[in-house]
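Data file: run_22.txt. Format and content: compact mmCIF, C-alpha atoms.
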```txt
# COMPACT_ATOMS: atom_id res chain seq x y z
CA MET Y 1 -10.50 -42.19 7.29
CA SER Y 2 -7.42 -43.03 9.28
CA ASN Y 3 -4.35 -40.86 9.37
CA ASP Y 4 -2.32 -43.60 7.76
CA ILE Y 5 -3.43 -44.12 4.24
CA ASP Y 6 -1.83 -46.32 1.64
CA ARG Y 7 -1.41 -45.39 -1.99
CA ARG Y 8 -4.76 -46.82 -2.98
CA GLY Y 9 -6.45 -44.99 -0.20
CA PHE Y 10 -4.72 -41.82 -1.25
CA LEU Y 11 -5.89 -42.20 -4.82
CA GLU Y 12 -9.41 -42.81 -3.58
CA CYS Y 13 -9.14 -39.62 -1.60
CA MET Y 14 -7.92 -37.78 -4.64
CA ALA Y 15 -11.05 -38.89 -6.46
CA TRP Y 16 -13.23 -37.11 -3.93
CA ALA Y 17 -13.07 -33.76 -5.57
CA GLY Y 18 -13.75 -35.07 -9.00
CA SER Y 19 -17.43 -34.47 -8.81
CA GLY Y 20 -18.97 -31.06 -8.77
CA LEU Y 21 -21.57 -28.93 -10.36
CA VAL Y 22 -21.43 -26.98 -13.54
CA TRP Y 23 -23.66 -23.99 -14.00
CA VAL Y 24 -24.82 -23.29 -17.50
CA LEU Y 25 -26.62 -20.09 -18.28
CA SER Y 26 -27.69 -20.54 -21.85
CA GLY Y 27 -30.38 -18.69 -23.73
CA GLY Y 28 -31.40 -17.09 -20.47
CA VAL Y 29 -31.79 -20.43 -18.76
CA LEU Y 30 -29.49 -21.32 -15.91
CA SER Y 31 -28.88 -24.98 -15.41
CA SER Y 32 -26.36 -27.04 -13.57
CA ARG Y 33 -24.68 -30.29 -14.28
CA ASP Y 34 -21.96 -32.39 -12.86
CA LEU Y 35 -18.50 -30.99 -13.39
CA ALA Y 36 -17.03 -34.35 -14.27
CA GLU Y 37 -19.70 -34.81 -16.89
CA ALA Y 38 -18.98 -31.34 -18.27
CA ALA Y 39 -15.32 -32.16 -18.61
CA GLU Y 40 -16.21 -35.27 -20.59
CA THR Y 41 -18.73 -33.51 -22.83
CA PRO Y 42 -17.35 -30.08 -23.55
CA SER Y 43 -18.72 -27.09 -25.41
CA VAL Y 44 -21.39 -25.82 -23.08
CA GLY Y 45 -21.45 -22.82 -25.39
CA GLY Y 46 -22.44 -19.38 -24.32
CA ASP Y 47 -20.89 -15.95 -24.49
CA PHE Y 48 -18.68 -16.75 -21.57
CA SER Y 49 -18.62 -18.97 -18.54
CA PHE Y 50 -17.38 -18.64 -14.99
CA VAL Y 51 -16.78 -20.94 -12.07
CA GLN Y 52 -17.85 -20.72 -8.45
CA ILE Y 53 -15.70 -22.37 -5.83
CA SER Y 54 -16.42 -22.12 -2.13
CA ASP Y 55 -15.39 -23.06 1.35
CA THR Y 56 -11.89 -24.26 0.54
CA HIS Y 57 -11.12 -24.18 4.30
CA ILE Y 58 -7.36 -24.35 3.83
CA GLY Y 59 -5.95 -25.42 7.17
CA PHE Y 60 -8.78 -27.79 8.07
CA ASN Y 61 -7.37 -31.08 9.28
CA GLY Y 62 -10.38 -32.80 10.78
CA GLU Y 63 -11.55 -36.35 10.17
CA ALA Y 64 -14.01 -35.21 7.52
CA ASN Y 65 -11.13 -34.57 5.10
CA LYS Y 66 -7.45 -34.87 5.92
CA ASN Y 67 -6.36 -33.43 2.59
CA VAL Y 68 -8.33 -30.29 1.77
CA LEU Y 69 -5.49 -29.00 -0.38
CA GLY Y 70 -5.56 -32.18 -2.44
CA SER Y 71 -9.30 -31.99 -2.98
CA LEU Y 72 -8.99 -28.32 -3.93
CA GLN Y 73 -6.28 -29.17 -6.44
CA GLN Y 74 -8.50 -31.86 -7.92
CA ALA Y 75 -11.28 -29.32 -8.29
CA ILE Y 76 -8.86 -26.90 -9.96
CA ASP Y 77 -7.81 -29.61 -12.39
CA ARG Y 78 -11.46 -30.13 -13.28
CA VAL Y 79 -11.95 -26.44 -13.85
CA ASN Y 80 -8.90 -26.29 -16.08
CA ALA Y 81 -10.27 -29.17 -18.14
CA LEU Y 82 -13.46 -27.28 -19.01
CA ARG Y 83 -13.90 -26.30 -22.66
CA PRO Y 84 -14.49 -23.58 -23.49
CA ALA Y 85 -12.33 -22.36 -20.65
CA PRO Y 86 -14.17 -20.35 -17.99
CA GLU Y 87 -13.13 -16.72 -17.87
CA LEU Y 88 -13.63 -15.92 -14.17
CA VAL Y 89 -13.69 -17.64 -10.81
CA LEU Y 90 -15.84 -16.46 -7.90
CA HIS Y 91 -14.73 -17.72 -4.48
CA THR Y 92 -17.64 -17.40 -2.09
CA GLY Y 93 -15.72 -17.42 1.14
CA ASP Y 94 -14.12 -19.46 3.88
CA LEU Y 95 -10.91 -19.42 1.91
CA THR Y 96 -9.16 -20.52 5.10
CA HIS Y 97 -10.09 -22.56 8.12
CA GLY Y 98 -9.97 -20.02 10.90
CA GLN Y 99 -7.17 -17.89 9.42
CA LYS Y 100 -4.57 -20.57 10.14
CA PRO Y 101 -1.06 -19.19 9.73
CA GLY Y 102 0.00 -19.51 6.10
CA ALA Y 103 -3.43 -20.59 4.89
CA PHE Y 104 -4.05 -17.51 2.75
CA ASP Y 105 -0.64 -18.01 1.13
CA THR Y 106 -1.31 -21.68 0.52
CA LEU Y 107 -4.62 -20.91 -1.14
CA ALA Y 108 -3.12 -18.16 -3.28
CA GLU Y 109 -0.38 -20.53 -4.41
CA ALA Y 110 -2.88 -23.27 -5.28
CA LEU Y 111 -5.13 -20.91 -7.22
CA LYS Y 112 -2.22 -19.72 -9.36
CA SER Y 113 -2.78 -22.87 -11.36
CA VAL Y 114 -6.36 -21.95 -12.25
CA ARG Y 115 -6.30 -20.88 -15.86
CA VAL Y 116 -8.87 -18.08 -15.78
CA GLY Y 117 -8.60 -14.37 -16.28
CA ARG Y 118 -9.29 -13.39 -12.72
CA VAL Y 119 -10.48 -14.69 -9.37
CA PHE Y 120 -12.90 -12.63 -7.27
CA TYR Y 121 -13.41 -13.20 -3.57
CA VAL Y 122 -15.81 -12.52 -0.76
CA PRO Y 123 -14.84 -13.50 2.79
CA GLY Y 124 -16.40 -16.12 5.00
CA GLU Y 125 -16.46 -15.84 8.78
CA HIS Y 126 -13.43 -18.14 8.96
CA ASP Y 127 -11.41 -15.53 7.06
CA VAL Y 128 -12.16 -12.56 9.29
CA PHE Y 129 -13.22 -13.63 12.80
CA ALA Y 130 -9.79 -13.32 14.40
CA ASP Y 131 -8.84 -9.84 13.20
CA GLY Y 132 -12.04 -8.27 11.91
CA GLY Y 133 -10.98 -8.80 8.31
CA LYS Y 134 -7.65 -6.96 8.48
CA GLU Y 135 -5.57 -9.62 6.76
CA TYR Y 136 -8.31 -10.52 4.29
CA LEU Y 137 -8.80 -6.90 3.21
CA ALA Y 138 -5.05 -6.33 2.95
CA ARG Y 139 -4.87 -9.23 0.52
CA TYR Y 140 -8.16 -8.98 -1.33
CA GLY Y 141 -9.53 -5.53 -0.61
CA ARG Y 142 -7.99 -3.80 -3.61
CA GLY Y 143 -10.68 -2.63 -6.00
CA THR Y 144 -13.42 -3.06 -3.41
CA VAL Y 145 -15.24 -0.43 -1.41
CA GLY Y 146 -16.37 -0.33 2.22
CA GLN Y 147 -15.40 -3.62 3.86
CA GLY Y 148 -14.67 -5.61 0.73
CA TRP Y 149 -17.90 -4.94 -1.22
CA GLN Y 150 -17.50 -4.94 -4.95
CA SER Y 151 -19.29 -4.79 -8.26
CA PHE Y 152 -18.16 -5.07 -11.84
CA ASP Y 153 -19.59 -5.55 -15.29
CA TYR Y 154 -18.43 -8.38 -17.45
CA LYS Y 155 -19.75 -8.93 -20.96
CA GLY Y 156 -23.17 -7.59 -20.15
CA VAL Y 157 -23.58 -9.22 -16.73
CA HIS Y 158 -23.47 -7.09 -13.58
CA PHE Y 159 -21.68 -8.91 -10.75
CA VAL Y 160 -22.06 -7.84 -7.11
CA GLY Y 161 -19.95 -9.28 -4.27
CA LEU Y 162 -21.46 -8.72 -0.82
CA VAL Y 163 -19.89 -9.26 2.62
CA ASN Y 164 -22.16 -10.60 5.36
CA VAL Y 165 -19.69 -11.97 7.91
CA LEU Y 166 -18.17 -8.86 9.47
CA THR Y 167 -20.84 -7.82 11.94
CA PHE Y 168 -21.34 -10.96 14.00
CA LYS Y 169 -22.86 -10.28 17.40
CA ALA Y 170 -23.85 -12.66 20.19
CA GLY Y 171 -26.98 -14.50 19.17
CA GLY Y 172 -26.83 -13.08 15.66
CA VAL Y 173 -26.60 -14.42 12.12
CA GLY Y 174 -25.10 -13.06 8.90
CA ALA Y 175 -25.67 -9.37 8.23
CA LEU Y 176 -24.87 -6.84 5.52
CA GLY Y 177 -25.34 -3.66 7.55
CA GLU Y 178 -26.87 -0.32 6.64
CA ASP Y 179 -23.79 1.11 4.92
CA GLN Y 180 -23.45 -1.82 2.56
CA LEU Y 181 -27.17 -1.86 1.79
CA GLU Y 182 -27.01 1.83 0.95
CA TRP Y 183 -24.05 1.18 -1.33
CA LEU Y 184 -25.90 -1.71 -2.99
CA GLU Y 185 -28.95 0.41 -3.67
CA LYS Y 186 -26.80 3.07 -5.32
CA ASP Y 187 -24.79 0.49 -7.22
CA LEU Y 188 -27.91 -0.95 -8.82
CA ASP Y 189 -29.49 2.43 -9.43
CA GLY Y 190 -29.57 3.30 -13.10
CA LEU Y 191 -29.06 -0.26 -14.34
CA SER Y 192 -31.59 -1.44 -16.89
CA THR Y 193 -34.01 -4.05 -15.57
CA SER Y 194 -32.87 -6.32 -18.40
CA THR Y 195 -29.30 -6.39 -17.05
CA PRO Y 196 -28.55 -9.89 -15.78
CA ILE Y 197 -27.37 -9.68 -12.16
CA VAL Y 198 -25.15 -12.18 -10.39
CA VAL Y 199 -24.81 -11.64 -6.63
CA PHE Y 200 -22.19 -13.62 -4.75
CA THR Y 201 -21.79 -13.69 -0.99
CA HIS Y 202 -20.83 -16.21 1.69
CA ILE Y 203 -23.84 -16.80 3.94
CA PRO Y 204 -27.14 -17.42 2.15
CA LEU Y 205 -29.18 -14.23 1.76
CA TRP Y 206 -32.34 -16.27 2.22
CA ALA Y 207 -33.46 -18.16 5.31
CA VAL Y 208 -32.07 -21.61 4.58
CA TYR Y 209 -32.06 -22.66 8.23
CA PRO Y 210 -31.93 -19.84 10.77
CA GLN Y 211 -31.67 -22.33 13.64
CA TRP Y 212 -28.12 -23.01 12.45
CA GLY Y 213 -27.46 -19.41 11.53
CA TRP Y 214 -27.85 -20.15 7.82
CA THR Y 215 -29.43 -16.85 6.92
CA THR Y 216 -28.70 -13.13 6.60
CA GLN Y 217 -30.79 -10.97 8.88
CA ASP Y 218 -31.06 -8.04 6.47
CA GLY Y 219 -30.84 -10.14 3.30
CA GLU Y 220 -34.46 -9.40 2.48
CA GLN Y 221 -33.67 -5.71 2.19
CA ALA Y 222 -30.96 -6.46 -0.36
CA LEU Y 223 -33.34 -8.67 -2.30
CA GLY Y 224 -35.82 -5.80 -2.32
CA TYR Y 225 -33.36 -3.80 -4.43
CA LEU Y 226 -32.96 -6.74 -6.81
CA ARG Y 227 -36.59 -7.67 -7.49
CA ARG Y 228 -37.07 -5.23 -10.36
CA PHE Y 229 -34.47 -7.02 -12.48
CA GLY Y 230 -35.53 -9.70 -14.90
CA SER Y 231 -32.70 -12.09 -14.10
CA VAL Y 232 -30.99 -12.32 -10.73
CA THR Y 233 -28.77 -15.20 -9.68
CA VAL Y 234 -27.63 -15.32 -6.04
CA LEU Y 235 -24.66 -17.60 -5.33
CA ASN Y 236 -23.70 -18.51 -1.76
CA GLY Y 237 -21.40 -20.85 0.08
CA HIS Y 238 -21.28 -21.48 3.84
CA ILE Y 239 -23.54 -24.52 4.12
CA HIS Y 240 -21.35 -26.93 2.10
CA GLN Y 241 -24.22 -28.41 0.13
CA ILE Y 242 -26.42 -27.64 -2.84
CA MET Y 243 -29.73 -25.94 -2.23
CA GLN Y 244 -31.78 -23.99 -4.69
CA LYS Y 245 -34.82 -21.81 -4.58
CA VAL Y 246 -36.61 -19.64 -7.11
CA GLU Y 247 -38.52 -16.59 -5.98
CA GLY Y 248 -39.93 -14.54 -8.83
CA THR Y 249 -37.01 -13.56 -11.03
CA ILE Y 250 -34.45 -14.34 -8.33
CA SER Y 251 -32.83 -17.74 -8.14
CA PHE Y 252 -30.81 -18.75 -5.11
CA HIS Y 253 -28.06 -21.34 -5.13
CA THR Y 254 -25.82 -22.54 -2.35
CA ALA Y 255 -22.61 -24.29 -3.30
CA ARG Y 256 -20.70 -27.33 -2.22
CA SER Y 257 -17.40 -26.95 -0.45
CA THR Y 258 -14.17 -28.25 -1.90
CA ALA Y 259 -13.17 -29.30 1.62
CA PHE Y 260 -15.87 -31.18 3.52
CA PRO Y 261 -19.66 -31.60 3.54
CA GLN Y 262 -22.05 -30.45 6.23
CA PRO Y 263 -25.32 -32.15 7.22
CA ALA Y 264 -28.68 -31.24 5.77
CA PRO Y 265 -30.62 -28.78 7.94
CA GLY Y 266 -31.76 -30.47 11.12
CA ALA Y 267 -30.35 -33.83 10.06
CA ALA Y 268 -27.72 -33.77 12.82
CA PRO Y 269 -27.40 -32.20 16.27
CA SER Y 270 -25.19 -29.48 14.79
CA PRO Y 271 -23.87 -28.25 11.44
CA GLY Y 272 -20.32 -29.50 12.08
CA PRO Y 273 -18.16 -31.21 9.45
CA LEU Y 274 -19.91 -34.34 8.21
CA LYS Y 275 -17.86 -37.53 8.21
CA VAL Y 276 -18.92 -39.78 5.40
CA PRO Y 277 -17.37 -42.89 3.85
CA VAL Y 278 -14.63 -42.06 1.37
CA GLU Y 279 -16.66 -43.44 -1.50
CA GLN Y 280 -19.45 -40.97 -0.75
CA LEU Y 281 -17.33 -37.91 -0.18
CA GLY Y 282 -16.64 -37.32 -3.87
CA SER Y 283 -20.30 -36.73 -4.50
CA MET Y 284 -20.45 -34.13 -1.74
CA LEU Y 285 -17.64 -31.80 -2.74
CA GLY Y 286 -17.35 -29.74 -5.84
CA VAL Y 287 -17.33 -26.54 -7.82
CA ARG Y 288 -19.74 -25.04 -10.29
CA GLU Y 289 -19.57 -23.31 -13.61
CA VAL Y 290 -21.91 -20.75 -15.09
CA ALA Y 291 -21.98 -20.20 -18.81
CA TYR Y 292 -23.86 -17.14 -19.93
CA VAL Y 293 -25.60 -16.57 -23.23
CA GLN Y 294 -27.10 -13.19 -23.82
CA GLY Y 295 -30.85 -13.53 -23.83
CA LYS Y 296 -33.90 -11.80 -22.49
CA SER Y 297 -36.03 -14.73 -21.41
CA PRO Y 298 -36.68 -15.06 -17.68
CA LEU Y 299 -34.10 -17.01 -15.74
CA ALA Y 300 -35.06 -20.55 -14.95
CA VAL Y 301 -33.24 -23.10 -12.92
CA VAL Y 302 -32.61 -26.68 -13.83
CA ASP Y 303 -31.14 -28.77 -11.11
CA SER Y 304 -28.57 -31.40 -11.84
CA THR Y 305 -28.47 -34.86 -10.41
CA LEU Y 306 -26.85 -34.73 -7.00
CA GLY Y 307 -24.60 -37.40 -5.70
CA ARG Y 308 -23.05 -38.36 -9.00
CA GLN Y 309 -19.86 -40.23 -8.27
CA ALA Y 310 -16.52 -39.09 -9.57
CA THR Y 311 -14.72 -41.68 -11.62
CA MET L 1 -7.08 -11.26 33.57
CA ARG L 2 -4.95 -14.07 32.22
CA ALA L 3 -5.93 -16.32 29.40
CA GLY L 4 -4.33 -18.92 27.18
CA THR L 5 -4.71 -21.90 24.94
CA ARG L 6 -2.92 -25.15 24.71
CA GLY L 7 -0.93 -23.66 21.89
CA HIS L 8 0.60 -21.13 24.23
CA ARG L 9 2.62 -23.58 26.19
CA LEU L 10 5.10 -21.14 27.62
CA LEU L 11 2.32 -18.89 28.78
CA LEU L 12 0.52 -21.91 30.18
CA MET L 13 3.60 -23.11 32.04
CA GLY L 14 4.10 -19.65 33.41
CA SER L 15 0.50 -19.50 34.42
CA VAL L 16 0.69 -22.86 36.16
CA LEU L 17 3.67 -21.65 38.18
CA LEU L 18 1.82 -18.45 38.98
CA ALA L 19 -1.29 -20.43 39.88
CA LEU L 20 0.78 -22.53 42.30
CA VAL L 21 1.86 -19.31 43.99
CA LEU L 22 -1.69 -18.00 44.00
CA ILE L 23 -3.15 -21.13 45.59
CA GLY L 24 -1.86 -19.95 48.94
CA ALA L 25 -3.24 -16.45 48.45
CA TYR L 26 -6.66 -17.66 47.45
CA ALA L 27 -6.99 -20.62 49.78
CA SER L 28 -8.91 -18.56 52.34
CA VAL L 29 -11.62 -17.58 49.86
CA ALA L 30 -11.70 -20.75 47.81
CA GLY L 31 -15.07 -22.42 47.32
CA PRO L 32 -15.97 -25.80 48.78
CA SER L 33 -15.71 -27.58 45.44
CA ASP L 34 -12.17 -26.61 44.67
CA GLY L 35 -10.54 -29.37 46.65
CA GLY L 36 -8.45 -26.85 48.55
CA GLY L 37 -6.76 -25.26 45.48
CA ALA L 38 -7.68 -22.18 43.49
CA PRO L 39 -11.31 -22.41 42.41
CA GLN L 40 -11.74 -24.07 39.06
CA ALA L 41 -14.70 -24.65 36.79
CA ARG L 42 -15.16 -26.15 33.37
CA VAL L 43 -17.38 -25.56 30.36
CA GLU L 44 -17.71 -28.17 27.63
CA ILE L 45 -18.23 -27.13 24.01
CA LYS L 46 -20.16 -29.81 22.19
CA ASP L 47 -22.55 -29.86 19.23
CA PHE L 48 -22.24 -26.10 18.80
CA ALA L 49 -23.27 -25.34 22.39
CA TYR L 50 -21.59 -24.35 25.68
CA GLN L 51 -22.47 -26.68 28.54
CA PRO L 52 -23.56 -25.45 30.98
CA ALA L 53 -25.06 -22.44 29.24
CA THR L 54 -25.08 -20.57 32.53
CA LEU L 55 -22.32 -21.16 35.04
CA THR L 56 -22.15 -19.50 38.46
CA VAL L 57 -18.72 -19.32 40.13
CA ARG L 58 -17.00 -17.55 43.00
CA THR L 59 -14.74 -14.58 42.47
CA GLY L 60 -11.26 -15.70 41.55
CA THR L 61 -12.38 -18.83 39.75
CA THR L 62 -10.53 -19.94 36.67
CA VAL L 63 -12.90 -21.30 34.04
CA THR L 64 -11.59 -23.72 31.45
CA TRP L 65 -13.39 -24.37 28.18
CA ILE L 66 -12.70 -27.47 26.09
CA ASN L 67 -13.88 -27.89 22.51
CA HIS L 68 -15.16 -31.38 21.69
CA ASP L 69 -16.39 -30.48 18.20
CA ASP L 70 -14.49 -31.00 14.94
CA GLU L 71 -15.27 -27.40 14.02
CA LEU L 72 -13.40 -24.40 15.39
CA HIS L 73 -15.12 -22.44 18.13
CA THR L 74 -14.17 -19.40 20.16
CA VAL L 75 -14.97 -18.05 23.61
CA THR L 76 -15.52 -14.35 22.96
CA ALA L 77 -16.86 -11.95 25.57
CA SER L 78 -19.73 -9.81 24.30
CA ALA L 79 -18.25 -6.82 26.12
CA GLY L 80 -14.75 -7.45 24.81
CA ARG L 81 -13.21 -8.44 28.17
CA PHE L 82 -11.69 -11.64 26.80
CA ALA L 83 -11.48 -13.57 23.55
CA SER L 84 -9.98 -16.92 22.73
CA PRO L 85 -8.44 -17.76 19.39
CA GLY L 86 -10.15 -20.46 17.33
CA LEU L 87 -10.10 -23.64 19.38
CA GLU L 88 -9.47 -26.90 17.56
CA HIS L 89 -10.89 -30.23 18.66
CA ASP L 90 -9.70 -30.98 22.22
CA GLU L 91 -8.08 -27.57 22.60
CA THR L 92 -8.73 -25.60 25.75
CA PHE L 93 -8.95 -21.98 26.76
CA PHE L 94 -8.92 -20.67 30.31
CA GLN L 95 -9.88 -17.41 31.87
CA ARG L 96 -9.70 -16.25 35.50
CA PHE L 97 -12.57 -14.13 36.76
CA ALA L 98 -11.23 -11.75 39.40
CA GLU L 99 -14.24 -9.44 39.52
CA ALA L 100 -17.87 -10.18 40.33
CA GLY L 101 -20.30 -9.66 37.50
CA THR L 102 -22.22 -11.27 34.69
CA TYR L 103 -20.14 -12.11 31.65
CA THR L 104 -21.96 -13.09 28.47
CA TYR L 105 -19.93 -14.62 25.68
CA PHE L 106 -20.41 -16.19 22.28
CA CYS L 107 -18.60 -17.97 19.47
CA ALA L 108 -17.18 -15.48 16.97
CA LEU L 109 -17.58 -18.08 14.22
CA HIS L 110 -21.06 -19.28 15.16
CA PRO L 111 -22.67 -16.34 16.96
CA ARG L 112 -25.85 -18.21 17.73
CA MET L 113 -23.78 -20.03 20.35
CA THR L 114 -24.12 -17.91 23.48
CA ALA L 115 -23.63 -18.51 27.21
CA THR L 116 -23.07 -16.71 30.49
CA ILE L 117 -20.64 -16.82 33.41
CA ILE L 118 -22.00 -15.33 36.64
CA VAL L 119 -19.23 -14.42 39.09
CA GLN L 120 -20.31 -13.85 42.71
```
As structure tokens, please, write out the structure in this file.
Amino acid sequence: MSNDIDRRGFLECMAWAGSGLVWVLSGGVLSSRDLAEAAETPSVGGDFSFVQISDTHIGFNGEANKNVLGSLQQAIDRVNALRPAPELVLHTGDLTHGQKPGAFDTLAEALKSVRVGRVFYVPGEHDVFADGGKEYLARYGRGTVGQGWQSFDYKGVHFVGLVNVLTFKAGGVGALGEDQLEWLEKDLDGLSTSTPIVVFTHIPLWAVYPQWGWTTQDGEQALGYLRRFGSVTVLNGHIHQIMQKVEGTISFHTARSTAFPQPAPGAAPSPGPLKVPVEQLGSMLGVREVAYVQGKSPLAVVDSTLGRQAT
Amino acid sequence: MRAGTRGHRLLLMGSVLLALVLIGAYASVAGPSDGGGAPQARVEIKDFAYQPATLTVRTGTTVTWINHDDELHTVTASAGRFASPGLEHDETFFQRFAEAGTYTYFCALHPRMTATIIVQ
């Protein structure tokens, strides 16, 4: 896309963010569908629903998307069109692109228009690399423990937000660290195995593609604490594309970015921002919704069609 | 040590002036490849890698990194001796190595990117 876009080109760009994924947890079954489709066919039902957005990268100005704020706003509009309205938003990190000056403020301003009860955050490496998380924690650390770790119960679901981007070392990958793992173990202690668990964190807890750093070195230890539960849903960002895996009662889901796509593992020399034709970009950005219905059946995952075009 | 990015123009201008002064001081120890000025070397950042991964330079050399990727990268010393901010596409960072030693560094955003400067 060139820097100079006409009105038509701008409108095409604005259509990018129209597509996305909707997560529906109904009768104990988690499924996903296209967000645009969900907006057209409302009433997913359920006791409540929530939305995951990720990798908004406010401040990014590369060729892969010259208007990340516009695509975020389009995603927000989609979220606001959902009926019934989602009650929470989880942002799984990389709020900003490298802590650009003003980016946190810009994001906060944009998200004021999301009509949900509350937005929860975990940081991505882009939000903390320059200052070790100082600014992030000053803005979003309230109500968290340690370095931004958090858990809360909402209508029968136990949510856990983990931080795996604050201990980067040369040659390393994502890591939770001993203190956070100890906190997690205690946090889960005493919960009934029938409690549905939703874990949200930035870098995938499972080894998506270690060659590109798409894994958490001590993620397996965290998963060890989660295996006794009957329904565990792990939501990640970081890799800017949908991937899913089911392992026993744990289902793993990585999310699209609202800003720009990244290549499939090994499909390019590096995981840098993927430049695609404008008409394809809409199918590669998005958000997701989860609607929860209380139920005791094991969690199953139904994947939606990928690449559905926004209209 | 002095360091800067393209964004720090004043600092850069000041450094250039200082470097002009220093050329005379360092001319006697400058390496053969420096064309008679202060020793310079360059590392390219491309496809999430530093090229060359290991660079050997003489004491007093100023190394310049340039980021060719569309993603931000940093040049961050493992031992904390120097750290660049996030470098945008085509942005540069420079660092003068006044003391002999082995300096390993990595990208604070993509820590699997690692490389080494050997100063002799």
Note to self: Which residues are near Val157 in chain Y? Cut-off 7 Å, only C-alpha atoms, ignore same chain within fewer than 5 positions. Put them as JSON, numbers by chain.
What the structure shows: {"Y": [195, 196, 197]}
Distance table requested - chain L against chain Y, cut-off 10 Å, all atoms listed in the file: one row per qualifying residue with the closest atom pair and its distance in Å to one decimal, ordered by chain and rising residue number, as CSV.
```
residue,atom,partner,partner_atom,distance
L:Lys46,CA,Y:Ser270,CA,9.0
L:Asp47,CA,Y:Ser270,CA,5.2
L:Phe48,CA,Y:Ser270,CA,6.0
L:Ala49,CA,Y:Ser270,CA,8.9
L:Asp69,CA,Y:Gly272,CA,7.3
L:Asp70,CA,Y:Gly62,CA,6.1
L:Glu71,CA,Y:Gly272,CA,5.8
L:Leu72,CA,Y:Gly98,CA,7.1
L:His73,CA,Y:Gly98,CA,9.2
L:Thr74,CA,Y:Phe129,CA,9.4
L:Thr76,CA,Y:Ala170,CA,8.9
L:Ala77,CA,Y:Ala170,CA,8.8
L:Ser78,CA,Y:Ala170,CA,6.5
L:Ala83,CA,Y:Ala130,CA,9.3
L:Ser84,CA,Y:Ala130,CA,9.1
L:Pro85,CA,Y:Ala130,CA,6.8
L:Gly86,CA,Y:Gly98,CA,6.4
L:Leu87,CA,Y:Gly98,CA,9.2
L:Glu88,CA,Y:Gly62,CA,9.0
L:His89,CA,Y:Gly62,CA,8.3
L:Thr104,CA,Y:Ala170,CA,8.5
L:Tyr105,CA,Y:Ala170,CA,7.0
L:Phe106,CA,Y:Ala170,CA,5.4
L:Cys107,CA,Y:Ala170,CA,7.5
L:Ala108,CA,Y:Phe129,CA,6.0
L:Leu109,CA,Y:Glu125,CA,6.0
L:His110,CA,Y:Gly213,CA,7.4
L:Pro111,CA,Y:Ala170,CA,5.0
L:Arg112,CA,Y:Gly171,CA,4.1
L:Met113,CA,Y:Gly171,CA,6.5
L:Thr114,CA,Y:Gly171,CA,6.2
L:Ala115,CA,Y:Ala170,CA,9.1
```
Margin query: For a quick check of understanding, using all atoms listed in the file, which of Y:Val199, Y:Trp149, Y:Leu176, Y:Val232 has the smallest distance to Thr215 in chain Y?
Written below: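 Looking at the shortest contact to Thr215 in chain Y, the residue is Y:Leu176.
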Checklist line | Atomic separation - CA of Asp90 in chain L relative to CA of Val57 in chain L, Å | finding: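 So the two atoms, CA of Val57 in chain L and CA of Asp90 in chain L, lie 23.2 Å apart.
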Note to self: I'd like the neighbourhood of range 178-180 of chain Y as a list in words, where a residue qualifies if any of its atoms comes within 12 Å (using all atoms listed in the file), though same-chain residues fewer than 2 positions away should be ignored.
What the structure shows: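 Here the answer would be Thr144, Val145, Gly146, Gln147, Gly148, Trp149, Gln150, Ser151, Val160, Gly161, Leu162, Val163, Asn164, Leu166, Thr167, Ala175, Leu176, Glu182, Trp183, Leu184, Glu185, Lys186, Asp187, Gln217, Asp218, Gly219, Gln221 and Ala222 of chain Y.
The space between CA of Asp55 in chain Y and CA of Ser257 in chain Y spans 4.7 Å.
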Check: What's the 7 Å shell around range 235-245 of chain Y, counting only C-alpha atoms, without same-chain residues fewer than 2 positions away, as a count of residues only?
Finding: 21
Check: Which neighbours of Val114 in chain Y fall inside 12 Å, counting all atoms listed in the file, when residues of the same chain fewer than 4 positions from it are skipped, and could you give them as a list in words?
Finding: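 So the residues in contact are Phe50, Val51, Ile53, Leu72, Gln73, Gln74, Ala75, Ile76, Asp77, Arg78, Val79, Asn80, Ala81, Leu82, Ala85, Pro86, Glu87, Leu88, Val89, Leu90, Leu107, Ala108, Glu109, Ala110, Arg118 and Val119 of chain Y.
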Notebook entry, point to check: Taking all atoms listed in the file into account, which of L:Ile117, L:Ile45, L:Leu55, L:Val75 comes nearest Phe93 in chain L?
Noted result: L:Val75
